[in-house]
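Dropping upload.cif in here (mmCIF, C-alpha atoms):
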data_final
#
loop_
_atom_site.label_atom_id
_atom_site.label_comp_id
_atom_site.auth_asym_id
_atom_site.auth_seq_id
_atom_site.Cartn_x
_atom_site.Cartn_y
_atom_site.Cartn_z
CA MET A 1 18.39 -30.97 -15.65
CA ALA A 2 15.64 -28.56 -14.58
CA ARG A 3 13.32 -27.21 -17.23
CA PRO A 4 13.33 -23.42 -17.74
CA ARG A 5 10.30 -21.51 -16.49
CA THR A 6 7.84 -20.81 -19.28
CA PHE A 7 5.41 -18.44 -17.58
CA ASP A 8 5.28 -14.70 -17.04
CA GLU A 9 6.49 -14.61 -13.45
CA GLU A 10 5.54 -10.97 -12.83
CA GLN A 11 2.01 -11.49 -14.14
CA VAL A 12 1.60 -14.66 -12.07
CA LEU A 13 2.74 -12.78 -8.95
CA ARG A 14 0.28 -9.95 -9.67
CA ASP A 15 -2.55 -12.45 -10.16
CA LEU A 16 -1.66 -14.27 -6.95
CA ARG A 17 -1.36 -10.97 -5.09
CA ASP A 18 -4.84 -10.03 -6.26
CA ARG A 19 -6.23 -13.28 -4.86
CA PHE A 20 -4.56 -12.66 -1.48
CA TRP A 21 -5.79 -9.04 -1.62
CA ASP A 22 -9.40 -9.87 -2.44
CA ALA A 23 -9.86 -13.01 -0.32
CA GLY A 24 -7.27 -12.52 2.40
CA TYR A 25 -4.44 -14.83 3.35
CA ALA A 26 -6.45 -17.34 5.36
CA ALA A 27 -9.16 -17.76 2.73
CA THR A 28 -6.67 -18.27 -0.11
CA THR A 29 -6.10 -21.98 -0.59
CA LEU A 30 -3.32 -23.90 -2.28
CA GLN A 31 -5.90 -24.92 -4.88
CA ASP A 32 -6.62 -21.21 -5.56
CA LEU A 33 -2.92 -20.52 -6.00
CA MET A 34 -2.50 -23.49 -8.37
CA ARG A 35 -5.59 -22.55 -10.41
CA ILE A 36 -4.60 -18.88 -10.73
CA SER A 37 -0.95 -19.54 -11.53
CA GLY A 38 -1.59 -22.51 -13.80
CA LEU A 39 1.20 -24.30 -11.93
CA GLY A 40 1.12 -27.62 -10.15
CA LYS A 41 1.95 -27.84 -6.47
CA GLY A 42 5.57 -28.88 -7.05
CA SER A 43 6.18 -26.15 -9.64
CA LEU A 44 4.48 -23.52 -7.50
CA TYR A 45 6.51 -24.40 -4.42
CA GLY A 46 9.65 -24.80 -6.52
CA ALA A 47 9.21 -21.31 -7.96
CA TYR A 48 8.00 -19.48 -4.86
CA GLY A 49 8.32 -21.62 -1.74
CA ASP A 50 5.40 -22.27 0.56
CA LYS A 51 2.20 -20.21 0.76
CA HIS A 52 3.60 -17.82 3.35
CA ALA A 53 6.81 -17.19 1.38
CA LEU A 54 4.71 -16.57 -1.72
CA PHE A 55 2.46 -14.20 0.18
CA LEU A 56 5.45 -12.24 1.53
CA ARG A 57 6.89 -11.97 -1.95
CA THR A 58 3.64 -10.51 -3.30
CA LEU A 59 3.39 -8.14 -0.34
CA LYS A 60 6.97 -6.90 -0.75
CA ALA A 61 6.44 -6.34 -4.47
CA TYR A 62 3.23 -4.42 -3.74
CA ASN A 63 5.01 -2.32 -1.12
CA ALA A 64 7.89 -1.52 -3.47
CA GLU A 65 5.40 -0.37 -6.11
CA GLY A 66 3.51 1.66 -3.50
CA LYS A 67 6.65 3.42 -2.29
CA GLU A 68 7.66 4.24 -5.86
CA GLY A 69 4.14 5.44 -6.66
CA THR A 70 4.11 7.66 -3.58
CA ARG A 71 7.51 9.07 -4.50
CA ALA A 72 6.27 9.83 -8.02
CA THR A 73 3.13 11.51 -6.69
CA LEU A 74 5.12 13.60 -4.22
CA GLU A 75 7.35 14.78 -7.07
CA SER A 76 4.50 15.30 -9.55
CA GLU A 77 3.41 18.78 -8.53
CA PRO A 78 5.35 22.05 -8.74
CA ARG A 79 4.10 22.93 -5.24
CA ALA A 80 4.85 20.39 -2.52
CA ILE A 81 1.63 21.27 -0.67
CA ASP A 82 -0.41 20.14 -3.69
CA ALA A 83 1.52 16.87 -3.85
CA LEU A 84 0.86 16.28 -0.15
CA ARG A 85 -2.85 16.84 -0.70
CA LYS A 86 -2.77 14.36 -3.59
CA VAL A 87 -1.18 11.67 -1.42
CA LEU A 88 -3.60 12.31 1.43
CA VAL A 89 -6.71 11.81 -0.71
CA ALA A 90 -5.28 9.02 -2.91
CA PRO A 91 -7.43 6.26 -1.35
CA VAL A 92 -10.67 8.05 -2.28
CA GLY A 93 -12.06 6.81 -5.56
CA PRO A 94 -13.47 3.79 -7.34
CA GLY A 95 -12.27 0.59 -5.69
CA ALA A 96 -12.03 2.18 -2.24
CA ASP A 97 -13.98 -0.76 -0.83
CA ARG A 98 -11.10 -3.06 -1.81
CA GLY A 99 -8.81 -1.28 0.61
CA CYS A 100 -5.04 -1.47 0.44
CA PHE A 101 -3.23 -4.81 0.24
CA LEU A 102 -0.70 -3.67 2.85
CA ALA A 103 -3.36 -2.40 5.25
CA ASN A 104 -5.57 -5.45 4.78
CA SER A 105 -2.63 -7.80 5.28
CA THR A 106 -1.38 -5.94 8.33
CA CYS A 107 -4.79 -6.22 9.98
CA GLU A 108 -5.08 -9.91 9.19
CA LEU A 109 -1.55 -11.13 9.92
CA ALA A 110 0.72 -8.72 11.79
CA THR A 111 -0.32 -9.92 15.24
CA GLU A 112 0.73 -13.51 14.57
CA HIS A 113 3.47 -13.08 11.96
CA ALA A 114 6.51 -11.01 12.93
CA ASP A 115 7.73 -10.94 9.32
CA VAL A 116 4.49 -9.32 8.13
CA ARG A 117 4.62 -6.83 11.01
CA ALA A 118 8.26 -5.98 10.19
CA GLU A 119 7.46 -5.54 6.48
CA ALA A 120 4.52 -3.28 7.32
CA LYS A 121 6.56 -1.17 9.74
CA GLN A 122 9.43 -0.81 7.28
CA THR A 123 7.02 0.23 4.52
CA TYR A 124 5.08 2.70 6.64
CA ASP A 125 8.35 4.19 7.95
CA ALA A 126 9.65 4.58 4.38
CA LEU A 127 6.39 6.22 3.29
CA ALA A 128 6.53 8.60 6.28
CA ASP A 129 10.11 9.52 5.33
CA LEU A 130 9.05 10.31 1.75
CA ILE A 131 6.17 12.43 3.00
CA ALA A 132 8.40 14.21 5.55
CA ALA A 133 10.79 15.25 2.77
CA CYS A 134 7.85 16.74 0.89
CA VAL A 135 6.63 18.49 4.06
CA GLU A 136 10.08 20.07 4.40
CA ARG A 137 9.86 21.26 0.79
CA ALA A 138 6.42 22.77 1.49
CA GLN A 139 7.91 24.49 4.55
CA ARG A 140 10.73 25.93 2.45
CA ASP A 141 8.11 27.11 -0.07
CA GLY A 142 6.29 28.91 2.74
CA ASP A 143 3.12 26.80 2.37
CA LEU A 144 3.47 25.12 5.79
CA LEU A 145 4.69 26.51 9.09
CA ALA A 146 8.46 26.12 9.28
CA ASP A 147 8.45 25.36 13.02
CA GLU A 148 6.23 22.27 12.73
CA ASP A 149 8.06 18.93 13.01
CA ALA A 150 8.08 17.49 9.47
CA GLY A 151 8.26 13.89 10.69
CA GLU A 152 5.30 14.29 13.02
CA LEU A 153 3.18 15.93 10.33
CA ALA A 154 4.20 13.21 7.84
CA ARG A 155 3.09 10.43 10.23
CA THR A 156 -0.14 12.32 10.90
CA LEU A 157 -0.83 12.62 7.16
CA LEU A 158 -0.06 8.94 6.62
CA THR A 159 -2.32 7.98 9.52
CA ALA A 160 -5.13 10.15 8.13
CA GLN A 161 -4.67 8.62 4.69
CA GLN A 162 -4.79 5.11 6.13
CA GLY A 163 -7.94 6.07 8.02
CA LEU A 164 -9.53 6.85 4.65
CA VAL A 165 -8.34 3.44 3.41
CA TYR A 166 -10.03 1.69 6.34
CA MET A 167 -13.23 3.68 5.95
CA GLY A 168 -13.35 2.79 2.26
CA ARG A 169 -12.72 -0.88 3.03
CA ALA A 170 -15.56 -0.78 5.56
CA GLY A 171 -17.93 0.34 2.81
CA THR A 172 -18.16 4.08 3.42
CA ASP A 173 -19.65 5.60 0.29
CA LEU A 174 -17.48 7.75 -2.00
CA GLU A 175 -19.36 10.97 -1.29
CA THR A 176 -18.71 10.60 2.45
CA LEU A 177 -15.07 9.64 1.83
CA ARG A 178 -14.57 12.70 -0.38
CA ALA A 179 -16.09 14.99 2.24
CA THR A 180 -13.92 13.45 4.94
CA ALA A 181 -10.81 13.77 2.78
CA ARG A 182 -11.64 17.42 2.10
CA VAL A 183 -11.92 18.18 5.83
CA LEU A 184 -8.68 16.32 6.58
CA SER A 185 -6.89 18.18 3.81
CA ASN A 186 -8.20 21.56 4.97
CA ARG A 187 -7.26 20.90 8.61
CA LEU A 188 -3.89 19.25 8.11
CA LEU A 189 -2.77 21.14 5.01
CA PRO A 190 -4.58 24.48 5.13
CA ILE A 191 -4.59 26.59 2.02
CA ALA A 192 -2.19 29.49 2.52
#

Starting from the coordinates I provided, produce the structure as structure tokens.
Amino acid sequence: MARPRTFDEEQVLRDLRDRFWDAGYAATTLQDLMRISGLGKGSLYGAYGDKHALFLRTLKAYNAEGKEGTRATLESEPRAIDALRKVLVAPVGPGADRGCFLANSTCELATEHADVRAEAKQTYDALADLIAACVERAQRDGDLLADEDAGELARTLLTAQQGLVYMGRAGTDLETLRATARVLSNRLLPIA
């Protein structure tokens, strides 16, 4: 009879995700995963599968949290335009040099791993859909031109936001990131 699990699975997954996030997939070893989780190889694989399955699980959990966080941000402001600005500049702040786990993982693995590429595409498409709905609300409010394609603007905003993520990851200082975010916001979401 199998013994019941006696560890906080969600906390272990967050800790393992952070290792993948900080070191990258290739540089994260089985020994790292065992040390961080406190599990032996058999228990780790029994609970999560192999390294790649574990990585995908942490990535999917991160993406689910990110989509929910984006949804909450987009619904947090009375004016949709203000919520859109908030989402656009979200990557600018302390920790910007860490980047985004999804973006980092996509750069490292999407070329060779179709499942990572598919997960990234699904997540970015879902984020663009959330942003497009907020763009449509801003159009109804009269804060954005009604004849602009909401989907195109949403993908443009997401691309601009991810550009800020990559600049932060590359070590661009916060002052420069803030100035860049301000210009992007003013150009893409002009104040009415």

Would you mind reading off the distance between atom CA of Gly42 of chain A and atom CA of Lys60 of chain A, one decimal, in Å?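 Computing the Euclidean distance for atom CA of Gly42 of chain A and atom CA of Lys60 of chain A yields 22.9 Å.
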
Expanded to explicit residues, what is the PyMOL selection byres ((chain A and resi 58) around 10) for this file, as a PyMOL selection string? chain A and resi 10+12-18+20-21+52-57+59-64+101

Taking only C-alpha atoms into account, name the residue in A:Gly69, A:Gly151, A:Tyr25, A:Ala132 that is nearest to Glu108 of chain A. A:Tyr25

Leaving out Lys86 of chain A and any residue of its chain fewer than 5 positions from it, which residues lie within 12 Å of it when counting all atoms listed in the file, given as a JSON list (two decimals) with C-alpha atoms, in the frame of the given file?
[["chain", "number", "residue", "atom", "x", "y", "z"],
["A", 69, "GLY", "CA", 4.14, 5.44, -6.66],
["A", 70, "THR", "CA", 4.11, 7.66, -3.58],
["A", 71, "ARG", "CA", 7.51, 9.07, -4.50],
["A", 72, "ALA", "CA", 6.27, 9.83, -8.02],
["A", 73, "THR", "CA", 3.13, 11.51, -6.69],
["A", 74, "LEU", "CA", 5.12, 13.60, -4.22],
["A", 75, "GLU", "CA", 7.35, 14.78, -7.07],
["A", 76, "SER", "CA", 4.50, 15.30, -9.55],
["A", 77, "GLU", "CA", 3.41, 18.78, -8.53],
["A", 79, "ARG", "CA", 4.10, 22.93, -5.24],
["A", 80, "ALA", "CA", 4.85, 20.39, -2.52],
["A", 81, "ILE", "CA", 1.63, 21.27, -0.67],
["A", 91, "PRO", "CA", -7.43, 6.26, -1.35],
["A", 92, "VAL", "CA", -10.67, 8.05, -2.28],
["A", 131, "ILE", "CA", 6.17, 12.43, 3.00],
["A", 134, "CYS", "CA", 7.85, 16.74, 0.89],
["A", 157, "LEU", "CA", -0.83, 12.62, 7.16],
["A", 158, "LEU", "CA", -0.06, 8.94, 6.62],
["A", 161, "GLN", "CA", -4.67, 8.62, 4.69],
["A", 181, "ALA", "CA", -10.81, 13.77, 2.78],
["A", 182, "ARG", "CA", -11.64, 17.42, 2.10],
["A", 184, "LEU", "CA", -8.68, 16.32, 6.58],
["A", 185, "SER", "CA", -6.89, 18.18, 3.81],
["A", 189, "LEU", "CA", -2.77, 21.14, 5.01]]

Might you pull out every residue within 12 Å of Ala120 of chain A, with only C-alpha atoms counted and same-chain residues fewer than 2 positions away left off, and present them as an MDAnalysis selection string? chainID A and resid 56 59:60 62:64 66:67 100:111 113:118 122:127

Could you tell me, as a compact mmCIF listing (two decimals) with C-alpha atoms, in the frame of the given file, exactly which residues end up selected when the PyMOL selection byres ((chain A and resi 191) around 12) is applied to this structure?
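Contents of part.txt, as written:
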# COMPACT_ATOMS: atom_id res chain seq x y z
CA ARG A 79 4.10 22.93 -5.24
CA ILE A 81 1.63 21.27 -0.67
CA ASP A 82 -0.41 20.14 -3.69
CA LEU A 84 0.86 16.28 -0.15
CA ARG A 85 -2.85 16.84 -0.70
CA ALA A 138 6.42 22.77 1.49
CA GLY A 142 6.29 28.91 2.74
CA ASP A 143 3.12 26.80 2.37
CA LEU A 144 3.47 25.12 5.79
CA LEU A 145 4.69 26.51 9.09
CA ARG A 182 -11.64 17.42 2.10
CA VAL A 183 -11.92 18.18 5.83
CA LEU A 184 -8.68 16.32 6.58
CA SER A 185 -6.89 18.18 3.81
CA ASN A 186 -8.20 21.56 4.97
CA ARG A 187 -7.26 20.90 8.61
CA LEU A 188 -3.89 19.25 8.11
CA LEU A 189 -2.77 21.14 5.01
CA PRO A 190 -4.58 24.48 5.13
CA ALA A 192 -2.19 29.49 2.52

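Counting from atom CA of Arg178 of chain A, the distance to atom CA of Thr156 of chain A is 18.3 Å.
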
Of the listed residues A:Glu65, A:Glu175, A:Val89, A:Ser43, that which approaches Thr159 of chain A most closely, counting only C-alpha atoms: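 Distance minimum relative to Thr159 of chain A lands on A:Val89.
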
Between A:Arg169, A:Leu44, A:Ala160, A:Leu88, which is the closest to Asp22 of chain A once you count all atoms listed in the file? A:Arg169

Between atom CA of Asp97 of chain A and atom CA of Ala23 of chain A - distance in Å to one decimal: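 Going from atom CA of Ala23 of chain A over to atom CA of Asp97 of chain A covers 12.9 Å.
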
Ranking A:Ala146, A:Ala133, A:Ile36, A:Leu164 by minimum distance to Arg98 of chain A and counting only C-alpha atoms, which one comes first?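 When distances to Arg98 of chain A are compared using only C-alpha atoms, the smallest one comes from A:Leu164.
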
Using only C-alpha atoms, which of A:Gly93, A:Asp129, A:Thr29, A:Gly99 sits nearest Ala179 of chain A?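 Counting only C-alpha atoms, the residue closest to Ala179 of chain A is A:Gly93.
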
What residues come out when you apply the PyMOL selection byres ((chain A and resi 31) around 12) to this file, written as a list in words?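 Matching residues under the PyMOL selection byres ((chain A and resi 31) around 12) are Leu16, Arg19, Ala27, Thr28, Thr29, Leu30, Asp32, Leu33, Met34, Arg35, Ile36, Ser37, Gly38, Leu39, Gly40, Lys41, Leu44 and Lys51 of chain A.
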
Starting from the incomplete input, reconstruct N, CA and C atoms of segment 151-176 of chain A and write that as an mmCIF file, keeping the file's coordinate frame.
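Contents of the output file part_32.cif:
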data_model
loop_
_atom_site.group_PDB
_atom_site.id
_atom_site.type_symbol
_atom_site.label_atom_id
_atom_site.label_comp_id
_atom_site.auth_asym_id
_atom_site.auth_seq_id
_atom_site.Cartn_x
_atom_site.Cartn_y
_atom_site.Cartn_z
ATOM 1 N N GLY A 151 8.511 15.312 10.470
ATOM 2 C CA GLY A 151 8.260 13.890 10.690
ATOM 3 C C GLY A 151 6.915 13.635 11.352
ATOM 4 N N GLU A 152 6.586 14.450 12.348
ATOM 5 C CA GLU A 152 5.300 14.290 13.020
ATOM 6 C C GLU A 152 4.136 14.554 12.075
ATOM 7 N N LEU A 153 4.253 15.630 11.283
ATOM 8 C CA LEU A 153 3.180 15.930 10.330
ATOM 9 C C LEU A 153 3.077 14.816 9.290
ATOM 10 N N ALA A 154 4.213 14.294 8.832
ATOM 11 C CA ALA A 154 4.200 13.210 7.840
ATOM 12 C C ALA A 154 3.477 11.983 8.396
ATOM 13 N N ARG A 155 3.769 11.597 9.628
ATOM 14 C CA ARG A 155 3.090 10.430 10.230
ATOM 15 C C ARG A 155 1.606 10.710 10.428
ATOM 16 N N THR A 156 1.275 11.944 10.746
ATOM 17 C CA THR A 156 -0.140 12.320 10.900
ATOM 18 C C THR A 156 -0.861 12.216 9.556
ATOM 19 N N LEU A 157 -0.226 12.704 8.496
ATOM 20 C CA LEU A 157 -0.830 12.620 7.160
ATOM 21 C C LEU A 157 -0.995 11.162 6.730
ATOM 22 N N LEU A 158 0.019 10.357 6.979
ATOM 23 C CA LEU A 158 -0.060 8.940 6.620
ATOM 24 C C LEU A 158 -1.159 8.242 7.412
ATOM 25 N N THR A 159 -1.269 8.565 8.683
ATOM 26 C CA THR A 159 -2.320 7.980 9.520
ATOM 27 C C THR A 159 -3.704 8.403 9.028
ATOM 28 N N ALA A 160 -3.848 9.663 8.664
ATOM 29 C CA ALA A 160 -5.130 10.150 8.130
ATOM 30 C C ALA A 160 -5.459 9.439 6.815
ATOM 31 N N GLN A 161 -4.461 9.305 5.959
ATOM 32 C CA GLN A 161 -4.670 8.620 4.690
ATOM 33 C C GLN A 161 -5.100 7.179 4.923
ATOM 34 N N GLN A 162 -4.436 6.495 5.843
ATOM 35 C CA GLN A 162 -4.790 5.110 6.130
ATOM 36 C C GLN A 162 -6.181 5.014 6.759
ATOM 37 N N GLY A 163 -6.576 6.028 7.497
ATOM 38 C CA GLY A 163 -7.940 6.070 8.020
ATOM 39 C C GLY A 163 -8.957 6.083 6.886
ATOM 40 N N LEU A 164 -8.656 6.837 5.831
ATOM 41 C CA LEU A 164 -9.530 6.850 4.650
ATOM 42 C C LEU A 164 -9.565 5.464 4.003
ATOM 43 N N VAL A 165 -8.399 4.798 3.968
ATOM 44 C CA VAL A 165 -8.340 3.440 3.410
ATOM 45 C C VAL A 165 -9.285 2.531 4.195
ATOM 46 N N TYR A 166 -9.197 2.564 5.514
ATOM 47 C CA TYR A 166 -10.030 1.690 6.340
ATOM 48 C C TYR A 166 -11.504 2.023 6.211
ATOM 49 N N MET A 167 -11.828 3.302 6.128
ATOM 50 C CA MET A 167 -13.230 3.680 5.950
ATOM 51 C C MET A 167 -13.762 3.176 4.614
ATOM 52 N N GLY A 168 -12.946 3.292 3.567
ATOM 53 C CA GLY A 168 -13.350 2.790 2.260
ATOM 54 C C GLY A 168 -13.554 1.277 2.286
ATOM 55 N N ARG A 169 -12.642 0.581 2.924
ATOM 56 C CA ARG A 169 -12.720 -0.880 3.030
ATOM 57 C C ARG A 169 -13.976 -1.293 3.789
ATOM 58 N N ALA A 170 -14.367 -0.479 4.755
ATOM 59 C CA ALA A 170 -15.560 -0.780 5.560
ATOM 60 C C ALA A 170 -16.853 -0.448 4.821
ATOM 61 N N GLY A 171 -16.732 0.097 3.604
ATOM 62 C CA GLY A 171 -17.930 0.340 2.810
ATOM 63 C C GLY A 171 -18.467 1.758 2.855
ATOM 64 N N THR A 172 -17.715 2.695 3.424
ATOM 65 C CA THR A 172 -18.160 4.080 3.420
ATOM 66 C C THR A 172 -18.308 4.545 1.976
ATOM 67 N N ASP A 173 -19.412 5.200 1.667
ATOM 68 C CA ASP A 173 -19.650 5.600 0.290
ATOM 69 C C ASP A 173 -18.675 6.700 -0.149
ATOM 70 N N LEU A 174 -18.471 6.821 -1.459
ATOM 71 C CA LEU A 174 -17.480 7.750 -2.000
ATOM 72 C C LEU A 174 -17.766 9.201 -1.645
ATOM 73 N N GLU A 175 -19.017 9.583 -1.628
ATOM 74 C CA GLU A 175 -19.360 10.970 -1.290
ATOM 75 C C GLU A 175 -18.896 11.302 0.133
ATOM 76 N N THR A 176 -19.141 10.406 1.059
ATOM 77 C CA THR A 176 -18.710 10.600 2.450
ATOM 78 C C THR A 176 -17.184 10.596 2.540
#
